[in-house]
$ cat run.cif   # mmCIF, C-alpha atoms
data_query
loop_
_atom_site.label_atom_id
_atom_site.label_comp_id
_atom_site.auth_asym_id
_atom_site.auth_seq_id
_atom_site.Cartn_x
_atom_site.Cartn_y
_atom_site.Cartn_z
CA MET A 223 12.31 3.97 -19.00
CA LYS A 224 12.83 7.72 -19.16
CA ARG A 225 14.20 9.43 -16.09
CA ASN A 226 12.50 12.75 -16.66
CA GLU A 227 8.98 11.79 -17.56
CA PRO A 228 6.43 14.26 -16.16
CA LEU A 229 4.11 13.25 -13.38
CA SER A 230 1.16 13.65 -15.76
CA THR A 231 2.32 10.40 -17.44
CA VAL A 232 1.12 8.33 -14.49
CA MET A 233 -1.27 10.41 -12.38
CA SER A 234 -5.05 10.14 -12.45
CA LYS A 235 -6.62 13.42 -13.53
CA GLU A 236 -10.32 12.61 -13.42
CA LEU A 237 -10.76 12.41 -9.68
CA THR A 238 -13.58 11.60 -7.33
CA THR A 239 -13.45 14.24 -4.61
CA VAL A 240 -15.60 15.31 -1.68
CA ASN A 241 -16.12 18.74 -0.24
CA VAL A 242 -15.32 19.36 3.39
CA THR A 243 -19.04 20.13 3.91
CA ASN A 244 -20.21 16.71 2.68
CA LYS A 245 -21.33 14.00 5.10
CA LEU A 246 -19.10 11.06 6.01
CA SER A 247 -21.83 8.65 4.93
CA GLU A 248 -21.46 10.06 1.41
CA VAL A 249 -17.73 9.25 1.54
CA ARG A 250 -18.50 5.69 2.69
CA LYS A 251 -20.88 5.22 -0.23
CA LEU A 252 -18.40 6.65 -2.75
CA LEU A 253 -15.63 4.33 -1.57
CA ALA A 254 -17.94 1.30 -1.62
CA GLU A 255 -19.58 2.03 -4.97
CA ARG A 256 -16.55 3.13 -6.96
CA GLY A 257 -14.00 0.67 -5.57
CA ILE A 258 -11.51 3.41 -4.76
CA HIS A 259 -9.23 3.57 -1.73
CA HIS A 260 -8.61 7.31 -1.32
CA VAL A 261 -10.77 10.39 -1.68
CA PRO A 262 -9.20 13.87 -1.70
CA VAL A 263 -11.14 16.47 0.28
CA VAL A 264 -11.41 19.89 -1.32
CA SER A 265 -12.69 23.32 -0.42
CA GLY A 266 -13.57 24.79 -3.78
CA THR A 267 -10.66 23.61 -5.90
CA LYS A 268 -8.09 23.70 -3.07
CA LEU A 269 -6.85 20.47 -1.50
CA VAL A 270 -7.53 20.41 2.26
CA GLY A 271 -7.33 16.71 3.19
CA LEU A 272 -7.51 13.06 2.24
CA ILE A 273 -9.72 10.24 3.48
CA SER A 274 -8.77 6.61 2.92
CA ALA A 275 -10.87 3.46 2.94
CA THR A 276 -8.80 2.39 5.94
CA ASP A 277 -9.87 5.54 7.82
CA MET A 278 -13.50 4.75 7.07
CA VAL A 279 -13.29 1.11 8.17
CA ARG A 280 -11.67 2.22 11.43
CA LEU A 281 -14.45 4.75 12.07
CA SER A 282 -17.15 2.23 11.15
CA PHE A 283 -15.76 -0.57 13.30
CA SER A 284 -17.81 0.28 16.37
CA ALA A 285 -20.93 -0.37 14.30
CA TYR A 286 -19.59 -3.70 12.98
CA GLY A 287 -22.44 -6.03 12.05
CA ALA A 288 -25.00 -3.25 11.71
CA ASP A 289 -26.65 -2.55 8.36
CA ALA A 290 -25.42 0.25 6.09
CA ARG A 291 -28.15 2.64 7.22
CA ALA A 292 -27.18 2.29 10.88
CA VAL A 293 -23.48 2.68 10.02
CA ASP A 294 -24.23 5.85 8.05
CA ALA A 295 -26.29 7.28 10.90
CA MET A 296 -23.47 6.59 13.37
CA LEU A 297 -20.85 8.11 11.03
CA ASP A 298 -22.83 11.31 10.48
CA HIS A 299 -23.75 11.65 14.16
CA GLU A 300 -20.32 11.02 15.67
CA PHE A 301 -17.84 12.22 13.05
CA SER A 302 -17.33 14.76 10.30
CA ILE A 303 -15.08 14.85 7.23
CA GLU A 304 -13.10 17.61 8.93
CA LYS A 305 -12.42 15.32 11.92
CA ALA A 306 -11.81 12.15 9.92
CA MET A 307 -9.54 13.39 7.14
CA SER A 308 -5.75 13.51 7.20
CA LYS A 309 -4.71 17.14 7.01
CA GLU A 310 -0.93 17.01 7.11
CA LEU A 311 -0.44 15.65 3.63
CA THR A 312 2.59 14.90 1.56
CA THR A 313 1.86 16.32 -1.87
CA LEU A 314 3.63 16.57 -5.20
CA ASN A 315 3.67 19.59 -7.48
CA SER A 316 2.43 19.12 -11.04
CA ASN A 317 5.86 20.26 -12.26
CA GLN A 318 7.55 17.26 -10.66
CA LYS A 319 8.56 14.01 -12.34
CA VAL A 320 7.51 10.35 -12.12
CA ARG A 321 10.77 9.66 -10.30
CA ASP A 322 9.73 12.08 -7.53
CA ALA A 323 6.49 10.14 -7.01
CA ALA A 324 8.43 6.86 -6.93
CA LYS A 325 10.78 8.26 -4.29
CA VAL A 326 7.90 9.46 -2.08
CA LEU A 327 5.80 6.31 -2.36
CA SER A 328 8.74 3.92 -1.93
CA SER A 329 8.96 5.03 1.71
CA GLY A 330 6.04 2.66 2.26
CA ASP A 331 4.32 5.13 4.60
CA PHE A 332 1.33 5.70 2.32
CA HIS A 333 -0.06 4.56 -1.01
CA SER A 334 -1.46 7.74 -2.53
CA VAL A 335 -0.11 11.25 -3.08
CA PRO A 336 -2.25 14.19 -4.24
CA VAL A 337 -0.80 16.39 -6.97
CA VAL A 338 -1.35 20.15 -6.69
CA ASP A 339 -0.40 23.23 -8.68
CA ASP A 340 1.47 26.25 -7.30
CA ASP A 341 -1.78 27.58 -5.75
CA ASN A 342 -2.64 24.30 -3.99
CA ASN A 343 -5.40 23.49 -6.48
CA LEU A 344 -5.87 19.73 -6.75
CA VAL A 345 -4.88 18.53 -10.23
CA GLY A 346 -4.28 14.80 -9.81
CA LEU A 347 -3.54 11.79 -7.67
CA VAL A 348 -0.70 9.28 -7.93
CA THR A 349 -1.06 5.88 -6.26
CA SER A 350 1.21 2.89 -5.73
CA THR A 351 -0.92 1.06 -8.27
CA ASP A 352 -0.22 3.75 -10.90
CA LEU A 353 3.52 3.29 -10.41
CA ILE A 354 3.38 -0.53 -10.38
CA ARG A 355 1.52 -0.27 -13.71
CA TYR A 356 4.20 2.10 -15.02
CA LEU A 357 6.95 -0.29 -13.92
CA ALA A 358 5.13 -3.32 -15.36
CA ASP A 359 4.81 -1.50 -18.70
CA GLN A 360 8.62 -1.42 -18.94
CA TYR A 361 8.73 -5.25 -19.18
CA MET B 35 22.23 -4.61 -15.04
CA ALA B 36 19.08 -3.89 -17.09
CA PHE B 37 15.64 -4.17 -15.52
CA ASN B 38 14.73 -7.19 -17.65
CA ASP B 39 17.81 -9.10 -16.37
CA LEU B 40 17.41 -8.25 -12.70
CA GLU B 41 16.63 -11.20 -10.39
CA ILE B 42 13.92 -10.74 -7.78
CA SER B 43 16.31 -11.68 -4.94
CA ALA B 44 18.10 -8.33 -5.47
CA TYR B 45 15.01 -6.43 -4.26
CA MET B 46 13.31 -8.85 -1.87
CA SER B 47 13.18 -8.24 1.85
CA PRO B 48 14.88 -11.23 3.51
CA LEU B 49 12.78 -13.43 5.78
CA THR B 50 15.29 -14.40 8.45
CA VAL B 51 12.88 -15.57 11.13
CA SER B 52 9.46 -17.22 11.14
CA ILE B 53 6.51 -17.68 13.49
CA GLY B 54 4.10 -20.51 14.25
CA VAL B 55 0.39 -20.34 13.38
CA ASP B 56 -0.65 -20.71 17.03
CA GLN B 57 1.49 -17.89 18.39
CA CYS B 58 -0.13 -14.57 19.24
CA LEU B 59 0.13 -11.24 17.42
CA LYS B 60 2.04 -9.73 20.34
CA THR B 61 4.80 -12.31 19.83
CA ALA B 62 4.76 -11.62 16.09
CA SER B 63 5.07 -7.89 16.70
CA THR B 64 7.95 -8.38 19.15
CA LYS B 65 9.81 -10.58 16.64
CA MET B 66 9.37 -8.01 13.86
CA GLN B 67 10.67 -5.22 16.09
CA GLU B 68 13.65 -7.26 17.34
CA HIS B 69 14.69 -8.18 13.80
CA LYS B 70 13.64 -4.85 12.23
CA ILE B 71 11.46 -6.56 9.61
CA ARG B 72 7.88 -5.99 8.44
CA HIS B 73 6.84 -9.53 7.50
CA LEU B 74 7.11 -13.00 9.01
CA PRO B 75 6.47 -16.29 7.20
CA VAL B 76 3.93 -18.34 9.15
CA LEU B 77 4.78 -22.03 9.56
CA GLU B 78 2.91 -25.06 10.85
CA GLY B 79 5.03 -28.18 11.31
CA GLY B 80 7.65 -26.67 9.02
CA ARG B 81 5.07 -26.08 6.26
CA LEU B 82 4.51 -22.55 4.99
CA MET B 83 0.94 -21.44 5.72
CA GLY B 84 0.96 -17.68 5.13
CA VAL B 85 2.58 -14.36 5.89
CA ILE B 86 1.85 -11.94 8.72
CA SER B 87 2.80 -8.31 8.24
CA GLU B 88 3.43 -5.38 10.54
CA ARG B 89 0.47 -3.75 8.80
CA ASP B 90 -1.84 -6.70 9.69
CA VAL B 91 -0.83 -6.39 13.35
CA ASN B 92 -1.15 -2.59 13.45
CA TRP B 93 -4.48 -2.72 11.69
CA LEU B 94 -6.02 -5.01 14.31
CA ALA B 95 -4.42 -2.98 17.11
CA SER B 96 -5.99 0.20 15.69
CA LEU B 97 -9.40 -1.46 16.07
CA GLY B 98 -8.75 -1.96 19.77
CA THR B 99 -7.97 -5.70 19.51
CA ASP B 100 -5.70 -7.10 22.24
CA PRO B 101 -2.71 -8.56 20.31
CA SER B 102 -2.07 -11.14 23.02
CA THR B 103 -5.49 -12.75 22.46
CA VAL B 104 -5.41 -13.12 18.67
CA THR B 105 -3.43 -15.90 17.01
CA VAL B 106 -1.30 -15.37 13.94
CA SER B 107 -3.47 -17.80 11.96
CA GLU B 108 -6.46 -15.48 12.44
CA ALA B 109 -4.68 -12.44 11.00
CA MET B 110 -2.22 -13.80 8.42
CA SER B 111 -2.56 -13.44 4.68
CA ASP B 112 -2.56 -16.39 2.31
CA ILE B 113 0.30 -16.77 -0.13
CA PRO B 114 -1.13 -16.51 -3.63
CA TYR B 115 2.18 -16.25 -5.47
CA VAL B 116 5.51 -18.00 -4.77
CA VAL B 117 8.54 -17.64 -7.05
CA HIS B 118 12.15 -18.81 -7.07
CA ALA B 119 14.82 -16.32 -6.03
CA LYS B 120 16.24 -16.35 -9.57
CA THR B 121 12.96 -15.29 -11.20
CA LYS B 122 13.29 -12.02 -13.12
CA ALA B 123 12.00 -9.00 -11.22
CA ALA B 124 10.21 -7.72 -14.32
CA GLU B 125 8.23 -10.96 -14.56
CA VAL B 126 7.20 -10.74 -10.88
CA VAL B 127 6.15 -7.08 -11.20
CA ALA B 128 4.08 -7.88 -14.29
CA LYS B 129 2.32 -10.76 -12.52
CA MET B 130 1.63 -8.62 -9.42
CA HIS B 131 0.20 -5.90 -11.62
CA ASP B 132 -1.93 -8.23 -13.78
CA ASP B 133 -3.34 -10.20 -10.85
CA LYS B 134 -3.51 -7.22 -8.44
CA LEU B 135 -1.24 -8.94 -5.90
CA GLY B 136 0.32 -7.09 -2.98
CA SER B 137 3.30 -9.39 -2.53
CA ALA B 138 5.23 -12.39 -3.78
CA LEU B 139 6.96 -14.90 -1.55
CA ILE B 140 10.48 -15.81 -2.64
CA GLU B 141 11.77 -19.36 -2.15
CA ARG B 142 15.09 -21.09 -2.63
CA ASP B 143 15.46 -24.88 -2.32
CA GLY B 144 11.84 -25.06 -1.23
CA LYS B 145 12.32 -22.71 1.72
CA PRO B 146 10.98 -19.16 2.05
CA VAL B 147 13.90 -16.73 1.91
CA GLY B 148 12.23 -13.41 1.21
CA ILE B 149 9.17 -11.40 0.35
CA PHE B 150 8.74 -8.85 -2.44
CA THR B 151 6.00 -6.32 -1.73
CA THR B 152 4.61 -3.33 -3.59
CA THR B 153 6.89 -1.16 -1.44
CA ASP B 154 9.92 -3.13 -2.71
CA ALA B 155 8.57 -2.70 -6.27
CA LEU B 156 8.31 1.05 -5.72
CA GLN B 157 11.89 1.11 -4.42
CA LEU B 158 12.96 -0.69 -7.61
CA CYS B 159 11.00 1.85 -9.68
CA SER B 160 12.62 4.70 -7.79
CA ASP B 161 16.12 3.24 -8.30
CA LEU B 162 15.49 2.69 -12.02
CA LEU B 163 14.31 6.27 -12.51
CA ALA B 164 17.23 7.64 -10.49
CA GLY B 165 19.65 5.67 -12.65
CA ARG B 166 20.82 3.50 -9.74
CA VAL B 167 19.79 0.35 -11.63
CA GLY B 168 19.84 -0.45 -15.33
CA ALA B 169 20.17 1.93 -18.22
CA ALA B 170 17.45 4.55 -18.23
CA ALA B 171 17.12 7.13 -20.97
CA SER B 172 17.20 10.79 -19.95
#
$ encode --input "run.cif" --output "structure tokens"
Amino acid sequence: MKRNEPLSTVMSKELTTVNVTNKLSEVRKLLAERGIHHVPVVSGTKLVGLISATDMVRLSFSAYGADARAVDAMLDHEFSIEKAMSKELTTLNSNQKVRDAAKVLSSGDFHSVPVVDDDNNLVGLVTSTDLIRYLADQY
Amino acid sequence: MAFNDLEISAYMSPLTVSIGVDQCLKTASTKMQEHKIRHLPVLEGGRLMGVISERDVNWLASLGTDPSTVTVSEAMSDIPYVVHAKTKAAEVVAKMHDDKLGSALIERDGKPVGIFTTTDALQLCSDLLAGRVGAAAS
């Protein structure tokens, strides 16, 4: 295990993102269809927020039992990506190391950290799963 | 000590108290706060039935559920993976990764003594990379 491995060793670079102008129902479909837990929200190439599957389940709960179409209608009528997304994000810079990601995620407060460049352009995402895989590969 | 020699007990979170299946989530939450822990083993007649986490309780509370009306048995997670306290940490991490498990319950003499979660695994990863455990190359 190398102490100074770059973040690019573990982060996902081909990301599914949504634009802040998209509908929440589109986010719900993305999460359901692609089996992902977090979707970064961008404006152009800049990171502006993050939406998790947990956020979406919480928003959808009032329509529990309804079919997908009714849930989507409720989501788009009552909420927006702007309202639903987390805006105060902990991020990592692409110059940082794997050990920095491990330190941030070991707090247990969240399971995904967006990676940005010096101009806040989104360049990657590191999740707990990425680091567990990295750790398992040392065995 | 090198990563491959490290026993899981070194990084588990101790389970010092337990809760019964029929008790409510409010009681579970109070116990976790009093003992400053995030997980409780769930017992029925002394037999281990599952684990309830702070996250399980908070999740249901965020949906507007009254924690005094929901029993622990309704919210607990099953225990898919139980290992002895002397099992190597590397082996547990590999199994959790391969089987996509979020935690492992640690037992000693047939009794639950701790839980090892992905957060504990990330702490281990952080310590390894910071050189606080094992011999890492620079």
$ interface_residues --input "run.cif" --of "chain B" --to "chain A" --cutoff "10 Å" --atoms "all atoms listed in the file" --output "MDAnalysis selection string"
chainID B and resid 37:38 93:94 96:98 123:132 134 136 151:165 168:172
$ residues_around --input "run.cif" --residues "Asp298 of chain A" --least-positions-apart "2" --cutoff "7 Å" --atoms "only C-alpha atoms" --output "list in words"
Lys245, Leu246, Ser247, Asp294, Ala295, Met296, Glu300, Phe301 and Ser302 of chain A
$ resolve_selection --input "run.cif" --expression "the PyMOL selection byres ((chain B and resi 64-76) around 8)" --output "list in words"
Leu49, Val51, Ser52, Ile53, Gly54, Val55, Lys60, Thr61, Ala62, Ser63, Leu77, Glu78, Leu82, Met83, Gly84, Val85, Ile86, Ser87, Glu88, Arg89, Val106, Ser107, Met110, Pro146 and Ile149 of chain B
$ atom_distance --input "run.cif" --atom1 "atom CA of Lys305 of chain A" --atom2 "atom CA of Asn244 of chain A"
12.2 Å
$ resolve_selection --input "run.cif" --expression "the PyMOL selection byres ((chain B and resi 45) around 7)" --output "PyMOL selection string"
chain B and resi 42-44+46-47+150+154+158
$ atom_distance --input "run.cif" --atom1 "atom CA of Leu135 of chain B" --atom2 "atom CA of Val249 of chain A"
25.7 Å
$ residues_around --input "run.cif" --residues "His259 of chain A" --least-positions-apart "3" --cutoff "8 Å" --atoms "only C-alpha atoms" --output "VMD selection string"
chain A and resid 253 274 to 276
$ atom_distance --input "run.cif" --atom1 "atom CA of Met307 of chain A" --atom2 "atom CA of Gly271 of chain A"
5.6 Å
$ residues_around --input "run.cif" --residues "Thr105 of chain B" --least-positions-apart "2" --cutoff "8 Å" --atoms "only C-alpha atoms" --output "PyMOL selection string"
chain B and resi 55-59+102-103+107-109
$ residues_around --input "run.cif" --residues "Thr243 of chain A" --least-positions-apart "2" --cutoff "10 Å" --atoms "all atoms listed in the file" --output "PyMOL selection string"
chain A and resi 240-241+245-246+263-265+302-304
$ axis_aligned_box --input "run.cif" --around "segment 112-118 of chain B" --padding-each-side "6 Å" --output "AutoDock Vina command-line options"
--center_x 4.8 --center_y -17.5 --center_z -2.4 --size_x 26.7 --size_y 14.6 --size_z 21.4
$ residues_around --input "run.cif" --residues "Leu314 of chain A" --least-positions-apart "4" --cutoff "12 Å" --atoms "only C-alpha atoms" --output "PyMOL selection string"
chain A and resi 228-230+233+269+318-327+334-340+342-349
$ write_last_selection --input "run.cif" --atoms "C-alpha atoms" --output "tab-separated table (two decimals), in the frame of the given file"
chain	number	residue	atom	x	y	z
A	228	PRO	CA	6.43	14.26	-16.16
A	229	LEU	CA	4.11	13.25	-13.38
A	230	SER	CA	1.16	13.65	-15.76
A	233	MET	CA	-1.27	10.41	-12.38
A	269	LEU	CA	-6.85	20.47	-1.50
A	318	GLN	CA	7.55	17.26	-10.66
A	319	LYS	CA	8.56	14.01	-12.34
A	320	VAL	CA	7.51	10.35	-12.12
A	321	ARG	CA	10.77	9.66	-10.30
A	322	ASP	CA	9.73	12.08	-7.53
A	323	ALA	CA	6.49	10.14	-7.01
A	324	ALA	CA	8.43	6.86	-6.93
A	325	LYS	CA	10.78	8.26	-4.29
A	326	VAL	CA	7.90	9.46	-2.08
A	327	LEU	CA	5.80	6.31	-2.36
A	334	SER	CA	-1.46	7.74	-2.53
A	335	VAL	CA	-0.11	11.25	-3.08
A	336	PRO	CA	-2.25	14.19	-4.24
A	337	VAL	CA	-0.80	16.39	-6.97
A	338	VAL	CA	-1.35	20.15	-6.69
A	339	ASP	CA	-0.40	23.23	-8.68
A	340	ASP	CA	1.47	26.25	-7.30
A	342	ASN	CA	-2.64	24.30	-3.99
A	343	ASN	CA	-5.40	23.49	-6.48
A	344	LEU	CA	-5.87	19.73	-6.75
A	345	VAL	CA	-4.88	18.53	-10.23
A	346	GLY	CA	-4.28	14.80	-9.81
A	347	LEU	CA	-3.54	11.79	-7.67
A	348	VAL	CA	-0.70	9.28	-7.93
A	349	THR	CA	-1.06	5.88	-6.26
$ decode --input "run.cif" --residues "segment 316-334 of chain A" --atoms "N, CA and C atoms" --output "PDB file, in the first residue's frame"
ATOM      1  N   SER A 316      -8.473  17.402  -7.097  1.00  0.00           N
ATOM      2  CA  SER A 316      -7.857  16.334  -7.885  1.00  0.00           C
ATOM      3  C   SER A 316      -6.368  16.163  -7.596  1.00  0.00           C
ATOM      4  N   ASN A 317      -5.760  17.155  -6.947  1.00  0.00           N
ATOM      5  CA  ASN A 317      -4.344  17.033  -6.586  1.00  0.00           C
ATOM      6  C   ASN A 317      -4.135  16.213  -5.315  1.00  0.00           C
ATOM      7  N   GLN A 318      -5.220  15.923  -4.606  1.00  0.00           N
ATOM      8  CA  GLN A 318      -5.063  15.237  -3.324  1.00  0.00           C
ATOM      9  C   GLN A 318      -4.817  13.737  -3.513  1.00  0.00           C
ATOM     10  N   LYS A 319      -4.593  13.069  -2.394  1.00  0.00           N
ATOM     11  CA  LYS A 319      -4.173  11.663  -2.406  1.00  0.00           C
ATOM     12  C   LYS A 319      -5.303  10.743  -1.925  1.00  0.00           C
ATOM     13  N   VAL A 320      -5.103   9.444  -2.150  1.00  0.00           N
ATOM     14  CA  VAL A 320      -6.073   8.449  -1.673  1.00  0.00           C
ATOM     15  C   VAL A 320      -6.228   8.576  -0.159  1.00  0.00           C
ATOM     16  N   ARG A 321      -5.136   8.838   0.532  1.00  0.00           N
ATOM     17  CA  ARG A 321      -5.202   8.920   1.992  1.00  0.00           C
ATOM     18  C   ARG A 321      -6.100  10.071   2.453  1.00  0.00           C
ATOM     19  N   ASP A 322      -6.190  11.140   1.653  1.00  0.00           N
ATOM     20  CA  ASP A 322      -7.071  12.256   2.008  1.00  0.00           C
ATOM     21  C   ASP A 322      -8.539  11.823   1.906  1.00  0.00           C
ATOM     22  N   ALA A 323      -8.843  11.037   0.881  1.00  0.00           N
ATOM     23  CA  ALA A 323     -10.215  10.530   0.721  1.00  0.00           C
ATOM     24  C   ALA A 323     -10.558   9.596   1.877  1.00  0.00           C
ATOM     25  N   ALA A 324      -9.603   8.748   2.264  1.00  0.00           N
ATOM     26  CA  ALA A 324      -9.840   7.809   3.364  1.00  0.00           C
ATOM     27  C   ALA A 324     -10.106   8.565   4.665  1.00  0.00           C
ATOM     28  N   LYS A 325      -9.371   9.644   4.867  1.00  0.00           N
ATOM     29  CA  LYS A 325      -9.550  10.439   6.095  1.00  0.00           C
ATOM     30  C   LYS A 325     -10.944  11.066   6.121  1.00  0.00           C
ATOM     31  N   VAL A 326     -11.362  11.625   4.991  1.00  0.00           N
ATOM     32  CA  VAL A 326     -12.673  12.297   4.921  1.00  0.00           C
ATOM     33  C   VAL A 326     -13.809  11.283   5.099  1.00  0.00           C
ATOM     34  N   LEU A 327     -13.735  10.174   4.376  1.00  0.00           N
ATOM     35  CA  LEU A 327     -14.844   9.216   4.417  1.00  0.00           C
ATOM     36  C   LEU A 327     -14.884   8.411   5.712  1.00  0.00           C
ATOM     37  N   SER A 328     -13.755   8.299   6.412  1.00  0.00           N
ATOM     38  CA  SER A 328     -13.751   7.526   7.657  1.00  0.00           C
ATOM     39  C   SER A 328     -14.485   8.240   8.785  1.00  0.00           C
ATOM     40  N   SER A 329     -14.883   9.492   8.550  1.00  0.00           N
ATOM     41  CA  SER A 329     -15.683  10.189   9.564  1.00  0.00           C
ATOM     42  C   SER A 329     -17.046   9.523   9.701  1.00  0.00           C
ATOM     43  N   GLY A 330     -17.467   8.812   8.648  1.00  0.00           N
ATOM     44  CA  GLY A 330     -18.754   8.125   8.692  1.00  0.00           C
ATOM     45  C   GLY A 330     -19.941   9.031   8.433  1.00  0.00           C
ATOM     46  N   ASP A 331     -19.684  10.307   8.142  1.00  0.00           N
ATOM     47  CA  ASP A 331     -20.791  11.257   7.950  1.00  0.00           C
ATOM     48  C   ASP A 331     -21.430  11.143   6.565  1.00  0.00           C
ATOM     49  N   PHE A 332     -20.678  10.671   5.586  1.00  0.00           N
ATOM     50  CA  PHE A 332     -21.223  10.490   4.247  1.00  0.00           C
ATOM     51  C   PHE A 332     -20.412   9.421   3.524  1.00  0.00           C
ATOM     52  N   HIS A 333     -20.936   8.993   2.377  1.00  0.00           N
ATOM     53  CA  HIS A 333     -20.316   7.848   1.689  1.00  0.00           C
ATOM     54  C   HIS A 333     -19.791   8.193   0.304  1.00  0.00           C
ATOM     55  N   SER A 334     -19.791   9.478  -0.033  1.00  0.00           N
ATOM     56  CA  SER A 334     -19.390   9.864  -1.382  1.00  0.00           C
ATOM     57  C   SER A 334     -18.815  11.271  -1.347  1.00  0.00           C
TER      58      SER A 334
END
